[in-house]
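Encoded as structure tokens, the structure appears first; notes follow it.
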Amino acid sequence: MGKKKHGDDASIPIEIGSSDLDSIPCRTRSNRRVKSKNSISKQKSKLDSGSFECYFGTIWSHFPEDKRTLFTYLDCQWFAWYRKISYRDKVLSWIKRKEIFSKTYVLVPIVCWDHWSLLIFCHLGESLQSKTRTPCVLLLDSLQMSDPLRLEPDIRKFMFDIYKAEGRPENKQMIYKIPLLVPKVPQQRNGKECGNFVLYYIKLFVESAPENFSIEGYPYFMEKDWFHAEAVERFCERLDSTRKKD
């Protein structure tokens with residue numbers, strides 16, 4: 001598996017499917033990618049996709065089983081690969097194997113234009129008319145001044161193609177009306193913290209997400225004072241320490 005790059009220039013290992021990606025031990029990849037030069041806490045460089053996946057794997061392994069049953073996640077490069085038309089069908093086939101419509105939440109880390117953000121699908125398998133289990137999409141971005149909604153056309157097309165590939169009955173008009181919400185979450189302090197913030201968003205969201213997501217309760221805990229930037233730094237230091245023990 002070749003070294004991954006940021007965003008649109010990502011290399012595409014088309015011979016590897018979703019089951020193969022899920023079976024690759026994080027420790028194996030971290031020996032090559034997560035060295036001191038890639039340390040989150042010691043170096044302030046932006047995370048590459050390989051390092052992100054390894055840190056994410058560490059976080060995921062520490063969630064209790066009752067939380068993990070509500071969630072699934074997509075590889076952090078799949079959205080960028082989907083945007084390349086020649087790889088779109090391959091990515092959609094990988095996503096289909098994840099059975100995302102059976103989960104309450106689907107975490108979709110995104111790296112585009114050398115910037116990390118977090119997409120969360122909520123209740124995609126529920127009726128679009130539901131009031132208590134509201135199908136919706138959250139977009140958490142630590143650099144809102146860059147206009148997170150510039151991704152909306154790609155996100156809408158992504159969702160439509162996922163529904164279509166699954167053979168769902170919802171039509172395009174219905175899918176495009178699914179609310180796309182952008183809560184005012186804590187913001188990064190410099191141009192290199194976006195990946196760290198996305199990892200922390202994931203940790204706190206999984207720990208605090210309601211069993212049933214309703215727009216009536218939105219934004220729940222996702223406020224601009226949800227946490228302080230210093231908490232991200234402490235989190236990264238603990239995460240890096242945990243990775244070194246593995």
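Following the order of the structure tokens, first chain is A, next is B, and so on, with residues numbered from 1 inside each chain and ligands from 1 in the order they appear.
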Next on the checklist: Env of range 94-109 of chain A: 6 Å cut, atoms = only C-alpha atoms, seq-sep filter 4 positions within chain, self excluded. Answer as number ranges by chain.
Outcome noted: A: 18, 70-74, 76, 118-125
Item to check | Distance query range 220-233 of chain A at most 6 Å, only C-alpha atoms, self and fewer than 3 positions along chain excluded, as a PyMOL selection string | outcome: chain A and resi 184-186+217+236
Generate the output file for the selected residues, all heavy atoms, as a tab-separated table (two decimals), in the first residue's frame.
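Below is the file that was written, result-v1.tsv:
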chain	number	residue	atom	x	y	z
A	184	LYS	N	-21.70	25.63	15.37
A	184	LYS	CA	-20.58	26.53	15.65
A	184	LYS	C	-19.70	25.92	16.73
A	184	LYS	O	-19.82	26.24	17.91
A	184	LYS	CB	-21.11	27.91	16.06
A	184	LYS	CG	-21.85	28.63	14.95
A	184	LYS	CD	-22.32	30.01	15.38
A	184	LYS	CE	-23.02	30.72	14.23
A	184	LYS	NZ	-23.50	32.08	14.63
A	185	VAL	N	-18.82	25.06	16.31
A	185	VAL	CA	-17.95	24.32	17.23
A	185	VAL	C	-16.66	25.09	17.50
A	185	VAL	O	-16.33	26.05	16.79
A	185	VAL	CB	-17.63	22.93	16.64
A	185	VAL	CG1	-18.89	22.07	16.60
A	185	VAL	CG2	-17.04	23.05	15.24
A	186	PRO	N	-15.89	24.69	18.53
A	186	PRO	CA	-14.61	25.36	18.81
A	186	PRO	C	-13.71	25.37	17.59
A	186	PRO	O	-13.68	24.43	16.80
A	186	PRO	CB	-14.02	24.52	19.94
A	186	PRO	CG	-15.22	23.94	20.64
A	186	PRO	CD	-16.20	23.66	19.55
A	217	GLY	N	-33.44	18.92	19.39
A	217	GLY	CA	-32.44	19.09	20.44
A	217	GLY	C	-31.14	19.68	19.96
A	217	GLY	O	-30.23	19.96	20.75
A	236	CYS	N	-4.20	15.30	22.73
A	236	CYS	CA	-3.18	14.83	21.78
A	236	CYS	C	-1.97	14.25	22.51
A	236	CYS	O	-1.38	13.26	22.07
A	236	CYS	CB	-2.76	15.96	20.86
A	236	CYS	SG	-4.04	16.45	19.68
Checklist entry - If you measure from CA of Ser86 in chain A to CA of Pro148 in chain A, what distance in Å do you get, rounded to one decimal? => result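 Rounded to one decimal, the two atoms are 25.1 Å apart.
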Polymer residues at most 6 Å from Arg133 in chain A, only C-alpha atoms, same-chain spacing of 6 or more positions, as a PDB file with N, CA and C atoms, in the first residue's frame:
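File part35.pdb, as written:
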ATOM      1  N   ASN A 212     -30.959   8.739  20.140  1.00  0.00           N
ATOM      2  CA  ASN A 212     -31.793   9.183  19.023  1.00  0.00           C
ATOM      3  C   ASN A 212     -31.508  10.651  18.765  1.00  0.00           C
ATOM      4  N   PHE A 213     -31.022  10.971  17.583  1.00  0.00           N
ATOM      5  CA  PHE A 213     -30.693  12.354  17.246  1.00  0.00           C
ATOM      6  C   PHE A 213     -31.927  13.034  16.665  1.00  0.00           C
ATOM      7  N   SER A 214     -32.350  14.110  17.308  1.00  0.00           N
ATOM      8  CA  SER A 214     -33.497  14.876  16.836  1.00  0.00           C
ATOM      9  C   SER A 214     -33.076  16.316  16.602  1.00  0.00           C
TER      10      SER A 214
END
Checklist entry - Got a sec to tell me which of range 8-239 of chain A DSSP assigns to helix (DSSP H, G or I), as a VMD selection string? => result chain A and resid 8 to 9 18 to 23 26 to 33 36 to 38 49 to 61 65 to 68 78 to 82 85 to 97 100 to 102 144 to 146 148 to 166 172 to 176 194 to 208 215 to 217 229 to 239
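Note that the spacing between CA of Tyr200 in chain A and CA of Leu239 in chain A amounts to 10.2 Å.
The strand (DSSP E or B) portion of range 21-234 of chain A consists of Phe71, Thr72, Tyr73, Tyr105, Val106, Leu107, Val108, Pro109, Ile110, Val111, Cys112, His115, Trp116, Ser117, Leu118, Leu119, Ile120, Phe121, Cys122, Cys136, Val137, Leu138, Leu139, Leu140, Leu180 and Leu181 of chain A, with states taken from DSSP on the backbone.
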Item to check | Minimum-distance residue to Ala209 in chain A, chosen among A:Val91, A:His115, A:Pro169, A:Lys67 (using only C-alpha atoms) | outcome: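 Looking at the shortest contact to Ala209 in chain A, the residue is A:Lys67.
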Checklist entry - Pick the closest to Cys54 in chain A from A:Phe235, A:Glu211, A:Leu199, A:Glu126: which is it, counting only C-alpha atoms? => result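 Of A:Phe235, A:Glu211, A:Leu199, A:Glu126, the one nearest Cys54 in chain A, counting only C-alpha atoms, is A:Leu199.
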Next on the checklist: Just to confirm, what's the straight-line distance from CA of Leu138 in chain A to CA of Thr242 in chain A in Å (one decimal)?
Outcome noted: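 Here the two named atoms are 28.9 Å from each other.
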Next on the checklist: Using only C-alpha atoms for the distances, tell me which of A:Gln129, A:Ser241, A:Ser142, A:Gln77 is nearest to Ile175 in chain A.
Outcome noted: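 Under the stated criterion, the closest residue is A:Gln129.
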Checklist entry - Which residues come within 7 Å of range 154-164 of chain A, counting only C-alpha atoms, excluding same-chain residues fewer than 4 positions away, as a VMD selection string? => result chain A and resid 92 168 172 175 to 176
